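Q: Okay, so here is start.cif, and as you'll see once you scroll down, it has mmCIF, C-alpha atoms and all ligand atoms.
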```
data_final
loop_
_atom_site.group_PDB
_atom_site.id
_atom_site.type_symbol
_atom_site.label_atom_id
_atom_site.label_comp_id
_atom_site.auth_asym_id
_atom_site.auth_seq_id
_atom_site.Cartn_x
_atom_site.Cartn_y
_atom_site.Cartn_z
ATOM 1 C CA MET A 12 -5.657 9.526 11.287
ATOM 2 C CA ASP A 13 -2.868 10.072 8.761
ATOM 3 C CA ASN A 14 0.114 12.178 9.736
ATOM 4 C CA THR A 15 0.419 15.034 7.248
ATOM 5 C CA THR A 16 3.634 16.633 8.524
ATOM 6 C CA PRO A 17 6.827 15.463 6.784
ATOM 7 C CA LEU A 18 9.241 13.776 9.172
ATOM 8 C CA SER A 19 13.034 13.601 9.203
ATOM 9 C CA LEU A 20 13.786 10.157 10.527
ATOM 10 C CA LEU A 21 17.017 8.367 11.297
ATOM 11 C CA VAL A 22 17.600 4.875 9.935
ATOM 12 C CA ARG A 23 18.559 2.985 13.096
ATOM 13 C CA GLU A 24 18.898 -0.515 11.671
ATOM 14 C CA THR A 25 18.445 -2.678 8.590
ATOM 15 C CA ARG A 26 17.968 -6.413 8.934
ATOM 16 C CA TYR A 27 17.328 -9.350 6.615
ATOM 17 C CA GLU A 28 13.979 -11.004 7.303
ATOM 18 C CA ALA A 29 14.109 -13.545 4.447
ATOM 19 C CA ASP A 30 15.844 -14.046 1.100
ATOM 20 C CA GLY A 31 15.588 -10.704 -0.668
ATOM 21 C CA VAL A 32 13.568 -9.030 2.091
ATOM 22 C CA VAL A 33 15.101 -6.361 4.269
ATOM 23 C CA SER A 34 13.480 -4.590 7.182
ATOM 24 C CA VAL A 35 14.342 -0.920 7.725
ATOM 25 C CA CYS A 36 13.873 0.583 11.188
ATOM 26 C CA PHE A 37 13.326 4.328 11.574
ATOM 27 C CA VAL A 38 13.463 6.394 14.773
ATOM 28 C CA ASP A 39 13.151 10.081 15.577
ATOM 29 C CA PRO A 40 16.728 11.469 15.810
ATOM 30 C CA THR A 41 15.855 13.289 19.065
ATOM 31 C CA GLY A 42 14.343 10.193 20.635
ATOM 32 C CA ALA A 43 10.829 11.663 20.555
ATOM 33 C CA ASP A 44 7.782 9.500 20.070
ATOM 34 C CA LEU A 45 6.670 9.032 16.474
ATOM 35 C CA PRO A 46 3.183 9.893 15.162
ATOM 36 C CA LYS A 47 0.659 7.161 15.890
ATOM 37 C CA TRP A 48 -0.486 4.750 13.215
ATOM 38 C CA LYS A 49 -2.800 1.814 12.750
ATOM 39 C CA ALA A 50 -2.383 -1.591 11.144
ATOM 40 C CA GLY A 51 -2.388 -1.392 7.336
ATOM 41 C CA ALA A 52 -0.486 1.924 7.168
ATOM 42 C CA HIS A 53 2.533 2.688 5.002
ATOM 43 C CA LEU A 54 5.356 5.229 4.886
ATOM 44 C CA GLU A 55 6.358 7.268 1.874
ATOM 45 C CA ILE A 56 10.138 7.475 1.938
ATOM 46 C CA THR A 57 12.340 9.833 -0.063
ATOM 47 C CA LEU A 58 15.499 7.858 -0.820
ATOM 48 C CA PRO A 59 18.966 9.457 -1.059
ATOM 49 C CA SER A 60 18.648 9.492 -4.875
ATOM 50 C CA GLY A 61 15.410 11.471 -4.662
ATOM 51 C CA LEU A 62 13.190 8.512 -5.590
ATOM 52 C CA VAL A 63 9.977 8.454 -3.565
ATOM 53 C CA ARG A 64 8.704 5.024 -2.614
ATOM 54 C CA GLN A 65 6.016 3.629 -0.366
ATOM 55 C CA TYR A 66 6.495 0.695 1.963
ATOM 56 C CA SER A 67 4.101 -0.895 4.427
ATOM 57 C CA LEU A 68 4.737 -0.913 8.147
ATOM 58 C CA TRP A 69 4.940 -4.324 9.773
ATOM 59 C CA SER A 70 5.986 -3.412 13.319
ATOM 60 C CA ASN A 71 3.795 -2.972 16.369
ATOM 61 C CA PRO A 72 1.558 0.132 16.218
ATOM 62 C CA ASP A 73 1.750 0.294 20.036
ATOM 63 C CA ASP A 74 5.527 0.873 19.873
ATOM 64 C CA PRO A 75 5.818 4.702 19.708
ATOM 65 C CA GLN A 76 9.590 4.718 19.137
ATOM 66 C CA HIS A 77 10.102 2.616 16.004
ATOM 67 C CA TYR A 78 8.711 2.333 12.507
ATOM 68 C CA ARG A 79 9.735 -0.805 10.617
ATOM 69 C CA VAL A 80 8.998 -1.359 6.938
ATOM 70 C CA GLY A 81 9.626 -4.470 4.852
ATOM 71 C CA VAL A 82 11.241 -4.100 1.414
ATOM 72 C CA LEU A 83 11.532 -6.846 -1.205
ATOM 73 C CA ARG A 84 14.445 -6.468 -3.584
ATOM 74 C CA GLU A 85 13.012 -6.280 -7.092
ATOM 75 C CA ASP A 86 15.804 -6.410 -9.646
ATOM 76 C CA ARG A 87 13.352 -5.717 -12.453
ATOM 77 C CA GLY A 88 11.635 -2.923 -10.534
ATOM 78 C CA ARG A 89 12.136 0.792 -10.956
ATOM 79 C CA GLY A 90 15.152 1.108 -8.658
ATOM 80 C CA GLY A 91 13.741 1.987 -5.232
ATOM 81 C CA SER A 92 14.102 -1.421 -3.613
ATOM 82 C CA LYS A 93 17.572 -1.953 -5.105
ATOM 83 C CA GLU A 94 18.663 1.389 -3.678
ATOM 84 C CA ILE A 95 17.414 0.395 -0.238
ATOM 85 C CA HIS A 96 19.131 -2.988 -0.394
ATOM 86 C CA ASP A 97 22.404 -1.701 -1.844
ATOM 87 C CA THR A 98 22.876 1.595 -0.001
ATOM 88 C CA GLY A 99 24.266 1.816 3.507
ATOM 89 C CA LEU A 100 21.255 3.593 4.976
ATOM 90 C CA VAL A 101 22.010 3.083 8.658
ATOM 91 C CA GLY A 102 22.831 6.445 10.266
ATOM 92 C CA ARG A 103 21.262 8.472 7.471
ATOM 93 C CA THR A 104 18.335 10.802 7.949
ATOM 94 C CA LEU A 105 15.591 10.504 5.354
ATOM 95 C CA THR A 106 12.424 12.461 4.683
ATOM 96 C CA VAL A 107 9.409 10.340 5.472
ATOM 97 C CA ASN A 108 5.767 11.199 4.850
ATOM 98 C CA GLY A 109 2.995 9.457 6.713
ATOM 99 C CA PRO A 110 2.131 7.084 8.206
ATOM 100 C CA ARG A 111 -0.855 7.008 5.867
ATOM 101 C CA ASN A 112 -3.487 4.323 5.772
ATOM 102 C CA ARG A 113 -5.583 3.239 2.789
ATOM 103 C CA PHE A 114 -6.022 -0.299 4.089
ATOM 104 C CA GLU A 115 -7.680 0.011 7.468
ATOM 105 C CA LEU A 116 -8.748 -2.928 9.576
ATOM 106 C CA VAL A 117 -12.498 -2.998 10.213
ATOM 107 C CA ASP A 118 -14.168 -4.683 13.170
ATOM 108 C CA ALA A 119 -15.613 -8.067 12.259
ATOM 109 C CA PRO A 120 -16.521 -11.353 13.975
ATOM 110 C CA ARG A 121 -14.356 -13.327 11.534
ATOM 111 C CA TYR A 122 -11.244 -12.562 9.490
ATOM 112 C CA ILE A 123 -9.449 -14.257 6.647
ATOM 113 C CA PHE A 124 -6.037 -12.873 5.691
ATOM 114 C CA ILE A 125 -4.478 -13.829 2.360
ATOM 115 C CA ALA A 126 -0.911 -12.726 1.635
ATOM 116 C CA GLY A 127 1.207 -13.215 -1.453
ATOM 117 C CA GLY A 128 4.977 -12.632 -1.132
ATOM 118 C CA ILE A 129 5.915 -9.265 0.327
ATOM 119 C CA GLY A 130 2.177 -8.501 0.524
ATOM 120 C CA VAL A 131 2.395 -10.115 3.948
ATOM 121 C CA THR A 132 3.876 -6.889 5.367
ATOM 122 C CA PRO A 133 0.748 -4.815 6.202
ATOM 123 C CA LEU A 134 -1.103 -7.951 7.294
ATOM 124 C CA VAL A 135 1.352 -8.673 10.146
ATOM 125 C CA PRO A 136 0.192 -5.787 12.394
ATOM 126 C CA MET A 137 -3.396 -6.581 11.413
ATOM 127 C CA LEU A 138 -3.033 -10.118 12.705
ATOM 128 C CA SER A 139 -1.325 -8.762 15.812
ATOM 129 C CA ARG A 140 -4.405 -6.686 16.582
ATOM 130 C CA VAL A 141 -6.915 -9.394 15.729
ATOM 131 C CA ALA A 142 -5.113 -12.214 17.584
ATOM 132 C CA ARG A 143 -4.924 -10.103 20.753
ATOM 133 C CA SER A 144 -8.387 -8.606 20.537
ATOM 134 C CA ASP A 145 -10.634 -8.921 23.579
ATOM 135 C CA ALA A 146 -13.520 -9.448 21.149
ATOM 136 C CA ASN A 147 -11.900 -12.812 20.334
ATOM 137 C CA PRO A 148 -12.757 -12.943 16.625
ATOM 138 C CA GLU A 149 -12.185 -16.072 14.575
ATOM 139 C CA TRP A 150 -9.328 -15.770 12.098
ATOM 140 C CA SER A 151 -7.133 -17.645 9.670
ATOM 141 C CA PHE A 152 -3.996 -16.400 7.932
ATOM 142 C CA HIS A 153 -2.846 -17.819 4.595
ATOM 143 C CA TYR A 154 0.550 -16.853 3.250
ATOM 144 C CA GLY A 155 1.898 -17.972 -0.114
ATOM 145 C CA GLY A 156 5.488 -17.428 -1.262
ATOM 146 C CA ARG A 157 7.984 -18.748 -3.815
ATOM 147 C CA SER A 158 9.889 -20.784 -1.230
ATOM 148 C CA ARG A 159 9.979 -20.956 2.533
ATOM 149 C CA ARG A 160 13.300 -19.072 2.553
ATOM 150 C CA SER A 161 11.724 -16.165 0.705
ATOM 151 C CA MET A 162 8.844 -15.804 3.172
ATOM 152 C CA ALA A 163 9.396 -13.035 5.722
ATOM 153 C CA PHE A 164 7.900 -12.689 9.205
ATOM 154 C CA THR A 165 6.856 -16.346 9.524
ATOM 155 C CA GLY A 166 8.284 -16.466 13.069
ATOM 156 C CA VAL A 167 6.265 -13.405 14.118
ATOM 157 C CA LEU A 168 3.117 -14.909 12.626
ATOM 158 C CA GLU A 169 3.660 -18.248 14.355
ATOM 159 C CA ARG A 170 4.190 -16.521 17.694
ATOM 160 C CA LEU A 171 0.984 -14.524 17.202
ATOM 161 C CA ALA A 172 -0.904 -17.710 16.450
ATOM 162 C CA GLN A 173 0.436 -19.325 19.610
ATOM 163 C CA SER A 174 -0.182 -16.308 21.840
ATOM 164 C CA GLY A 175 -3.646 -15.542 20.522
ATOM 165 C CA ARG A 176 -6.930 -17.121 21.408
ATOM 166 C CA GLY A 177 -7.415 -19.330 18.426
ATOM 167 C CA GLY A 178 -6.718 -19.044 14.769
ATOM 168 C CA THR A 179 -4.350 -20.710 12.354
ATOM 169 C CA VAL A 180 -1.490 -19.694 10.123
ATOM 170 C CA ASN A 181 -1.024 -21.568 6.886
ATOM 171 C CA PHE A 182 2.266 -21.178 5.004
ATOM 172 C CA VAL A 183 2.305 -22.391 1.403
ATOM 173 C CA ALA A 184 5.693 -22.398 -0.322
ATOM 174 C CA GLU A 185 5.248 -22.799 -4.049
ATOM 175 C CA ASP A 186 8.399 -24.884 -4.587
ATOM 176 C CA SER A 187 7.301 -27.552 -2.092
ATOM 177 C CA ASP A 188 3.554 -27.147 -1.464
ATOM 178 C CA GLY A 189 2.122 -25.627 -4.652
ATOM 179 C CA ILE A 190 -0.092 -22.575 -4.496
ATOM 180 C CA LEU A 191 -2.742 -21.257 -2.128
ATOM 181 C CA ASP A 192 -6.099 -23.030 -2.440
ATOM 182 C CA LEU A 193 -8.079 -19.824 -2.686
ATOM 183 C CA ARG A 194 -11.431 -21.482 -3.281
ATOM 184 C CA GLY A 195 -10.948 -23.732 -0.263
ATOM 185 C CA ILE A 196 -9.849 -20.776 1.889
ATOM 186 C CA LEU A 197 -12.781 -18.582 0.872
ATOM 187 C CA SER A 198 -15.343 -21.362 1.214
ATOM 188 C CA ALA A 199 -14.948 -20.871 4.990
ATOM 189 C CA ALA A 200 -16.105 -17.243 4.729
ATOM 190 C CA ASP A 201 -19.594 -15.851 5.110
ATOM 191 C CA GLY A 202 -21.193 -12.444 4.640
ATOM 192 C CA GLU A 203 -19.766 -11.133 7.920
ATOM 193 C CA THR A 204 -16.192 -12.229 7.299
ATOM 194 C CA ALA A 205 -13.655 -9.469 6.700
ATOM 195 C CA ILE A 206 -11.247 -10.719 4.031
ATOM 196 C CA TYR A 207 -7.914 -8.927 3.715
ATOM 197 C CA CYS A 208 -5.724 -9.662 0.719
ATOM 198 C CA CYS A 209 -2.398 -8.096 -0.203
ATOM 199 C CA GLY A 210 0.104 -9.171 -2.811
ATOM 200 C CA PRO A 211 0.698 -9.302 -6.545
ATOM 201 C CA GLY A 212 -2.031 -8.190 -8.952
ATOM 202 C CA GLY A 213 -2.742 -11.749 -10.130
ATOM 203 C CA LEU A 214 -3.494 -12.975 -6.606
ATOM 204 C CA ILE A 215 -5.751 -10.021 -5.882
ATOM 205 C CA THR A 216 -7.641 -10.393 -9.139
ATOM 206 C CA ALA A 217 -8.210 -14.103 -8.418
ATOM 207 C CA VAL A 218 -9.490 -13.346 -4.906
ATOM 208 C CA GLU A 219 -11.729 -10.551 -6.207
ATOM 209 C CA LYS A 220 -13.287 -12.880 -8.781
ATOM 210 C CA LEU A 221 -13.872 -15.646 -6.255
ATOM 211 C CA CYS A 222 -15.422 -13.261 -3.722
ATOM 212 C CA GLU A 223 -17.767 -12.020 -6.427
ATOM 213 C CA GLU A 224 -18.660 -15.581 -7.437
ATOM 214 C CA LEU A 225 -19.215 -16.674 -3.827
ATOM 215 C CA GLY A 226 -21.145 -13.517 -2.886
ATOM 216 C CA LEU A 227 -18.657 -12.379 -0.227
ATOM 217 C CA PRO A 228 -18.944 -8.625 0.330
ATOM 218 C CA GLY A 229 -16.197 -8.120 2.929
ATOM 219 C CA LEU A 230 -13.080 -8.013 0.743
ATOM 220 C CA HIS A 231 -10.376 -5.395 1.347
ATOM 221 C CA VAL A 232 -7.320 -5.372 -0.890
ATOM 222 C CA GLU A 233 -4.068 -3.518 -1.251
ATOM 223 C CA ARG A 234 -2.137 -3.882 -4.484
ATOM 224 C CA PHE A 235 1.635 -3.960 -4.656
ATOM 225 C CA GLY A 236 1.475 -3.517 -8.395
ATOM 226 C CA ALA A 237 -0.845 -2.278 -11.102
ATOM 227 C CA ALA A 238 -4.022 -4.238 -11.814
ATOM 228 C CA PRO A 239 -4.551 -5.708 -15.281
ATOM 229 C CA VAL A 240 -5.429 -2.940 -17.711
ATOM 230 C CA ASP A 241 -9.145 -2.272 -18.173
ATOM 231 C CA GLU A 242 -9.434 -2.382 -21.964
ATOM 232 C CA SER A 243 -12.428 -0.022 -22.026
ATOM 233 C CA VAL A 244 -10.303 2.590 -20.270
ATOM 234 C CA ALA A 245 -7.124 1.811 -22.190
ATOM 235 C CA SER A 246 -8.832 2.164 -25.553
ATOM 236 C CA ALA A 247 -10.802 5.285 -24.618
ATOM 237 C CA GLU A 248 -9.677 8.251 -26.665
ATOM 238 C CA ASN A 249 -7.772 10.857 -24.695
ATOM 239 C CA THR A 250 -8.680 14.488 -25.243
ATOM 240 C CA THR A 251 -6.806 17.699 -24.555
ATOM 241 C CA PHE A 252 -7.885 19.666 -21.502
ATOM 242 C CA GLU A 253 -6.593 22.462 -19.294
ATOM 243 C CA VAL A 254 -5.422 22.335 -15.712
ATOM 244 C CA GLU A 255 -5.191 25.435 -13.552
ATOM 245 C CA LEU A 256 -2.859 25.364 -10.554
ATOM 246 C CA SER A 257 -4.705 27.272 -7.847
ATOM 247 C CA THR A 258 -1.709 28.585 -5.904
ATOM 248 C CA THR A 259 -0.250 30.487 -8.876
ATOM 249 C CA GLY A 260 -3.192 30.663 -11.252
ATOM 250 C CA THR A 261 -0.964 29.160 -13.958
ATOM 251 C CA THR A 262 -2.767 27.109 -16.596
ATOM 252 C CA VAL A 263 -1.233 24.182 -18.414
ATOM 253 C CA SER A 264 -2.634 22.282 -21.390
ATOM 254 C CA VAL A 265 -2.580 18.460 -21.107
ATOM 255 C CA GLY A 266 -2.407 16.748 -24.493
ATOM 256 C CA PRO A 267 -3.790 13.288 -25.342
ATOM 257 C CA ASP A 268 -0.399 11.612 -24.864
ATOM 258 C CA GLU A 269 0.591 13.460 -21.718
ATOM 259 C CA SER A 270 -0.320 12.969 -18.060
ATOM 260 C CA ILE A 271 -1.372 15.773 -15.740
ATOM 261 C CA LEU A 272 1.629 14.862 -13.582
ATOM 262 C CA GLU A 273 4.097 15.349 -16.448
ATOM 263 C CA CYS A 274 2.591 18.687 -17.424
ATOM 264 C CA VAL A 275 2.381 19.978 -13.872
ATOM 265 C CA ARG A 276 5.978 18.976 -13.227
ATOM 266 C CA SER A 277 7.092 21.099 -16.179
ATOM 267 C CA ILE A 278 5.926 24.082 -14.109
ATOM 268 C CA VAL A 279 6.344 22.812 -10.552
ATOM 269 C CA PRO A 280 9.224 20.315 -10.461
ATOM 270 C CA GLY A 281 9.147 17.883 -7.575
ATOM 271 C CA VAL A 282 5.404 17.278 -7.351
ATOM 272 C CA PRO A 283 5.417 13.954 -5.465
ATOM 273 C CA ALA A 284 4.700 10.685 -7.229
ATOM 274 C CA SER A 285 5.861 7.115 -6.780
ATOM 275 C CA CYS A 286 4.244 4.297 -8.784
ATOM 276 C CA GLU A 287 3.003 6.546 -11.632
ATOM 277 C CA GLU A 288 0.518 3.779 -12.396
ATOM 278 C CA GLY A 289 -2.397 4.805 -10.200
ATOM 279 C CA PHE A 290 -2.113 2.358 -7.315
ATOM 280 C CA CYS A 291 0.117 3.880 -4.633
ATOM 281 C CA GLY A 292 -1.727 7.116 -3.804
ATOM 282 C CA THR A 293 1.314 9.416 -3.609
ATOM 283 C CA CYS A 294 0.149 11.905 -6.257
ATOM 284 C CA GLU A 295 -3.302 12.573 -4.776
ATOM 285 C CA VAL A 296 -4.474 16.147 -5.328
ATOM 286 C CA ARG A 297 -7.647 17.987 -4.269
ATOM 287 C CA ILE A 298 -10.001 19.023 -7.048
ATOM 288 C CA LEU A 299 -11.250 22.595 -6.654
ATOM 289 C CA ALA A 300 -13.280 22.813 -9.879
ATOM 290 C CA GLY A 301 -14.063 20.649 -12.892
ATOM 291 C CA GLN A 302 -14.828 16.959 -13.268
ATOM 292 C CA ALA A 303 -12.117 14.299 -13.112
ATOM 293 C CA GLU A 304 -12.043 11.133 -15.171
ATOM 294 C CA HIS A 305 -10.687 8.711 -12.601
ATOM 295 C CA ARG A 306 -8.350 5.996 -13.864
ATOM 296 C CA ASP A 307 -6.688 5.003 -10.606
ATOM 297 C CA GLN A 308 -7.099 1.733 -8.729
ATOM 298 C CA ILE A 309 -7.575 3.322 -5.342
ATOM 299 C CA LEU A 310 -10.829 5.268 -5.106
ATOM 300 C CA THR A 311 -14.124 3.484 -4.626
ATOM 301 C CA GLN A 312 -16.988 4.324 -6.960
ATOM 302 C CA ALA A 313 -18.499 6.547 -4.242
ATOM 303 C CA GLU A 314 -15.183 8.375 -3.808
ATOM 304 C CA GLN A 315 -14.874 8.842 -7.555
ATOM 305 C CA ASP A 316 -18.397 10.227 -7.706
ATOM 306 C CA ALA A 317 -17.614 12.637 -4.859
ATOM 307 C CA ASN A 318 -14.946 14.181 -7.162
ATOM 308 C CA GLU A 319 -12.967 15.578 -4.235
ATOM 309 C CA THR A 320 -9.507 14.266 -5.056
ATOM 310 C CA MET A 321 -7.742 12.617 -7.973
ATOM 311 C CA PHE A 322 -4.471 10.846 -8.779
ATOM 312 C CA ILE A 323 -2.773 12.941 -11.399
ATOM 313 C CA CYS A 324 -0.336 10.304 -12.670
ATOM 314 C CA VAL A 325 -3.114 8.464 -14.530
ATOM 315 C CA SER A 326 -6.435 10.271 -14.167
ATOM 316 C CA ARG A 327 -7.644 12.833 -16.668
ATOM 317 C CA ALA A 328 -10.560 15.265 -17.066
ATOM 318 C CA LYS A 329 -14.118 14.903 -18.256
ATOM 319 C CA SER A 330 -14.586 18.668 -18.243
ATOM 320 C CA PRO A 331 -12.535 20.985 -20.486
ATOM 321 C CA ARG A 332 -10.825 22.483 -17.427
ATOM 322 C CA LEU A 333 -9.771 21.328 -13.975
ATOM 323 C CA VAL A 334 -8.643 23.527 -11.104
ATOM 324 C CA LEU A 335 -6.343 21.630 -8.761
ATOM 325 C CA ASP A 336 -5.031 22.449 -5.302
ATOM 326 C CA LEU A 337 -1.459 22.733 -6.461
HETATM 327 S S1 LIG B 1 2.086 8.104 -8.268
HETATM 328 FE FE1 LIG B 1 1.126 6.338 -7.462
HETATM 329 S S2 LIG B 1 -0.978 6.779 -7.694
HETATM 330 FE FE2 LIG B 1 -0.011 8.374 -8.738
#
```
Render the structure in this file as structure tokens.

A:
Amino acid sequence: MDNTTPLSLLVRETRYEADGVVSVCFVDPTGADLPKWKAGAHLEITLPSGLVRQYSLWSNPDDPQHYRVGVLREDRGRGGSKEIHDTGLVGRTLTVNGPRNRFELVDAPRYIFIAGGIGVTPLVPMLSRVARSDANPEWSFHYGGRSRRSMAFTGVLERLAQSGRGGTVNFVAEDSDGILDLRGILSAADGETAIYCCGPGGLITAVEKLCEELGLPGLHVERFGAAPVDESVASAENTTFEVELSTTGTTVSVGPDESILECVRSIVPGVPASCEEGFCGTCEVRILAGQAEHRDQILTQAEQDANETMFICVSRAKSPRLVLDL
């Protein structure tokens, strides 16, 4: 269950976990327990500059006092990770939304985890649950990174492998070992295997294609970046449509070159958004009337068809008018 009440949390500690990867630990300033969460969840953090960014939790969901997120410094990113790495955050209180979970762990007799780079973060608490499960599922964990020094949480993963009841961790550093043998890894899967993959878009696309080719239905992915552009969507002609904001009744016109988010923000500044590319989920809004044209990378086909929510940074309208819960 996602927590929907914004939290004011104190940054208790920051710590380097690997080259370019820092872990940020949050606590409640009063010492109270934090809302519960499950493996795969993330926090949405408002940074001192006002940037809103999402980071996955890697700590133990059974620890009610601490949230820990892992943040890779991305010098060519949009500034959030650099701010976290370069700002003295310890002792500051930040607004945090969540934990929210769009990457839940399902019960399965077998698991394969595939991590690329900082995509390892949400998979750490997943392995913690699986390795300690009384159901004793089979599992293997495959983690690829640029170099061993850049790979975070390897010690935690090794300890989980040793403390669990069977299962292997496989670290593949590109500079010494090459890249993950995805076909070899997935050839061990069957129709009941839950496959969890998190990392860069290229890794996820490769795993998606192989799972399709091998007829493996149990793939769950979380992207840390936008997927390759779907040309049929990219070349589709955008039309003008209207959006009504239900709380004020105000109507705004969204032109072919504008996003709903941009237009709504001209009336209601501060509507939350993070990636602005349709993969993080921050800008989700309930649809009260009208038909959305979904262009995000989050909703399943069934969720798109249900037309209950949409991501207003990228999605548009099929109907001439949308009424949104804003
Ligand atoms: S801001 Fe990330 S999905 Fe819209």

Q: Quote the spacing between atom CA of Ser270 of chain A and atom CA of Arg297 of chain A in Å to one decimal place.

A: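 Pair atom CA of Ser270 of chain A / atom CA of Arg297 of chain A returns 16.4 Å.
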
Q: Find the spatial neighbours of Leu333 of chain A, counting all atoms listed in the file, within a cut-off of 9 Å - ignore same-chain residues fewer than 5 positions away - and output them as a count of residues only.

A: 12

Q: Run the PyMOL selection byres (((chain A and resi 131-145) around 6) and not hetatm) against the file shown and list the residues it catches, as a list in words.

A: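 Given this file, the PyMOL selection byres (((chain A and resi 131-145) around 6) and not hetatm) evaluates to Ala50, Gly51, Ser67, Leu68, Trp69, Ala126, Ile129, Gly130, Ala146, Asn147 and Gly175 of chain A.
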
Q: When the PyMOL selection byres (((chain A and resi 97-105) around 8) and not hetatm) is applied to the file above, which residues end up in the set, as a list in words?

A: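 On this input, the PyMOL selection byres (((chain A and resi 97-105) around 8) and not hetatm) captures Ser19, Leu20, Leu21, Val22, Arg23, Glu24, Thr25, Ile56, Thr57, Leu58, Pro59, Lys93, Glu94, Ile95, His96, Thr106 and Val107 of chain A.
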
Q: Could you tell me how far atom CA of Gly81 of chain A sits from atom CA of Ala184 of chain A, in Å to one decimal place?

A: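 So the answer is 19.1 Å.
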
Q: Using only C-alpha atoms, pick whichever of A:Gly31, A:Asp74, A:Glu314, A:Val279 has the shortest atom-to-atom distance to Asp86 of chain A.

A: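 Result for the nearest residue to Asp86 of chain A: A:Gly31.
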
Q: Could you list, as an mmCIF file with C-alpha atoms, in the frame of the given file, every residue within 10 Å of Leu225 of chain A, counting all atoms listed in the file and ignoring same-chain residues fewer than 5 positions away?

A:
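Dumped everything to selection-v4.cif:
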```cif
data_model
loop_
_atom_site.group_PDB
_atom_site.id
_atom_site.type_symbol
_atom_site.label_atom_id
_atom_site.label_comp_id
_atom_site.auth_asym_id
_atom_site.auth_seq_id
_atom_site.Cartn_x
_atom_site.Cartn_y
_atom_site.Cartn_z
ATOM 1 C CA ARG A 194 -11.431 -21.482 -3.281
ATOM 2 C CA LEU A 197 -12.781 -18.582 0.872
ATOM 3 C CA SER A 198 -15.343 -21.362 1.214
ATOM 4 C CA ALA A 200 -16.105 -17.243 4.729
ATOM 5 C CA ASP A 201 -19.594 -15.851 5.110
ATOM 6 C CA GLY A 202 -21.193 -12.444 4.640
ATOM 7 C CA GLU A 219 -11.729 -10.551 -6.207
ATOM 8 C CA LYS A 220 -13.287 -12.880 -8.781
#
```

Q: With the cut-off set at 10 Å and counting only C-alpha atoms and all ligand atoms, tabulate each residue of chain A with an atom at most that distance from an atom of ligand LIG 1 (chain B), showing the nearest atom pair and its distance in Å to one decimal, ordered by chain and increasing number, as CSV.

A:
```
residue,atom,partner,partner_atom,distance
A:Val63,CA,B:LIG1,S1,9.2
A:Arg64,CA,B:LIG1,FE1,9.1
A:Gln65,CA,B:LIG1,FE1,9.0
A:Gly236,CA,B:LIG1,FE1,9.9
A:Ala237,CA,B:LIG1,FE1,9.6
A:Leu272,CA,B:LIG1,FE2,8.3
A:Val282,CA,B:LIG1,S1,9.8
A:Pro283,CA,B:LIG1,S1,7.3
A:Ala284,CA,B:LIG1,S1,3.8
A:Ser285,CA,B:LIG1,S1,4.2
A:Cys286,CA,B:LIG1,FE1,4.0
A:Glu287,CA,B:LIG1,S1,3.8
A:Glu288,CA,B:LIG1,FE1,5.6
A:Gly289,CA,B:LIG1,S2,3.5
A:Phe290,CA,B:LIG1,S2,4.6
A:Cys291,CA,B:LIG1,FE1,3.9
A:Gly292,CA,B:LIG1,S2,4.0
A:Thr293,CA,B:LIG1,S1,4.9
A:Cys294,CA,B:LIG1,FE2,4.3
A:Glu295,CA,B:LIG1,FE2,6.6
A:Val296,CA,B:LIG1,FE2,9.6
A:Arg306,CA,B:LIG1,S2,9.6
A:Asp307,CA,B:LIG1,S2,6.7
A:Gln308,CA,B:LIG1,S2,8.0
A:Ile309,CA,B:LIG1,S2,7.8
A:Met321,CA,B:LIG1,FE2,8.9
A:Phe322,CA,B:LIG1,FE2,5.1
A:Ile323,CA,B:LIG1,FE2,6.0
A:Cys324,CA,B:LIG1,FE2,4.4
A:Val325,CA,B:LIG1,FE2,6.6
A:Ser326,CA,B:LIG1,FE2,8.6
```

Q: Around (2.8, 10.9, 5.6), as given in the file, which residues come within 6 Å? Count only C-alpha atoms and list them as a PyMOL selection string.

A: chain A and resi 14-15+108-111

Q: One number please: atom CA of Ser187 of chain A to atom CA of Ile123 of chain A, in Å, one decimal.

A: 23.1 Å

Q: Which residues are close to Arg26 of chain A, i.e. within 9 Å by all atoms listed in the file, leaving aside same-chain residues fewer than 3 positions away? Reply as a list in words.

A: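 Selected residues are Val32, Val33, Ser34, Val35 and Cys36 of chain A.
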
Q: Any chance you could export the current selection's C-alpha atoms as a compact mmCIF listing (two decimals), in the coordinates of the input?

A:
```
# COMPACT_ATOMS: atom_id res chain seq x y z
CA VAL A 32 13.57 -9.03 2.09
CA VAL A 33 15.10 -6.36 4.27
CA SER A 34 13.48 -4.59 7.18
CA VAL A 35 14.34 -0.92 7.72
CA CYS A 36 13.87 0.58 11.19
```

Q: Residues near Ile125 of chain A, anyone? I mean within 6 Å using only C-alpha atoms, not counting same-chain ones fewer than 4 positions away, as a ChimeraX atom specification.

A: /A:153-154,208

Q: Measuring between all atoms listed in the file, which one of A:Val263, A:Val180, A:Pro40, A:Asp192 shows the shortest distance to Val167 of chain A?

A: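 Nearest to Val167 of chain A: A:Val180.
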
Q: Could you check the closest approach to Glu319 of chain A for each of A:Leu45, A:Ala172, A:Glu304, A:Phe235 and tell me which residue wins, using only C-alpha atoms?

A: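 Closest candidate: A:Glu304.
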
Q: Evaluated on this file, the PyMOL selection byres (((chain A and resi 119) around 7) and not hetatm) picks out some residues - which ones are they, written as a PyMOL selection string?

A: chain A and resi 117-118+120-122+203-205

Q: Restricting the calculation to only C-alpha atoms: of A:Ser257, A:Thr250, A:Ser151, A:Gln315, which residue gets closest to Arg176 of chain A?

A: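 Under the stated criterion, the closest residue is A:Ser151.
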
Q: Considering all atoms listed in the file, state which residue in the set A:Tyr66, A:Phe182, A:Phe124, A:Phe114 is at the smallest distance from Arg159 of chain A.

A: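 Nearest to Arg159 of chain A: A:Phe182.
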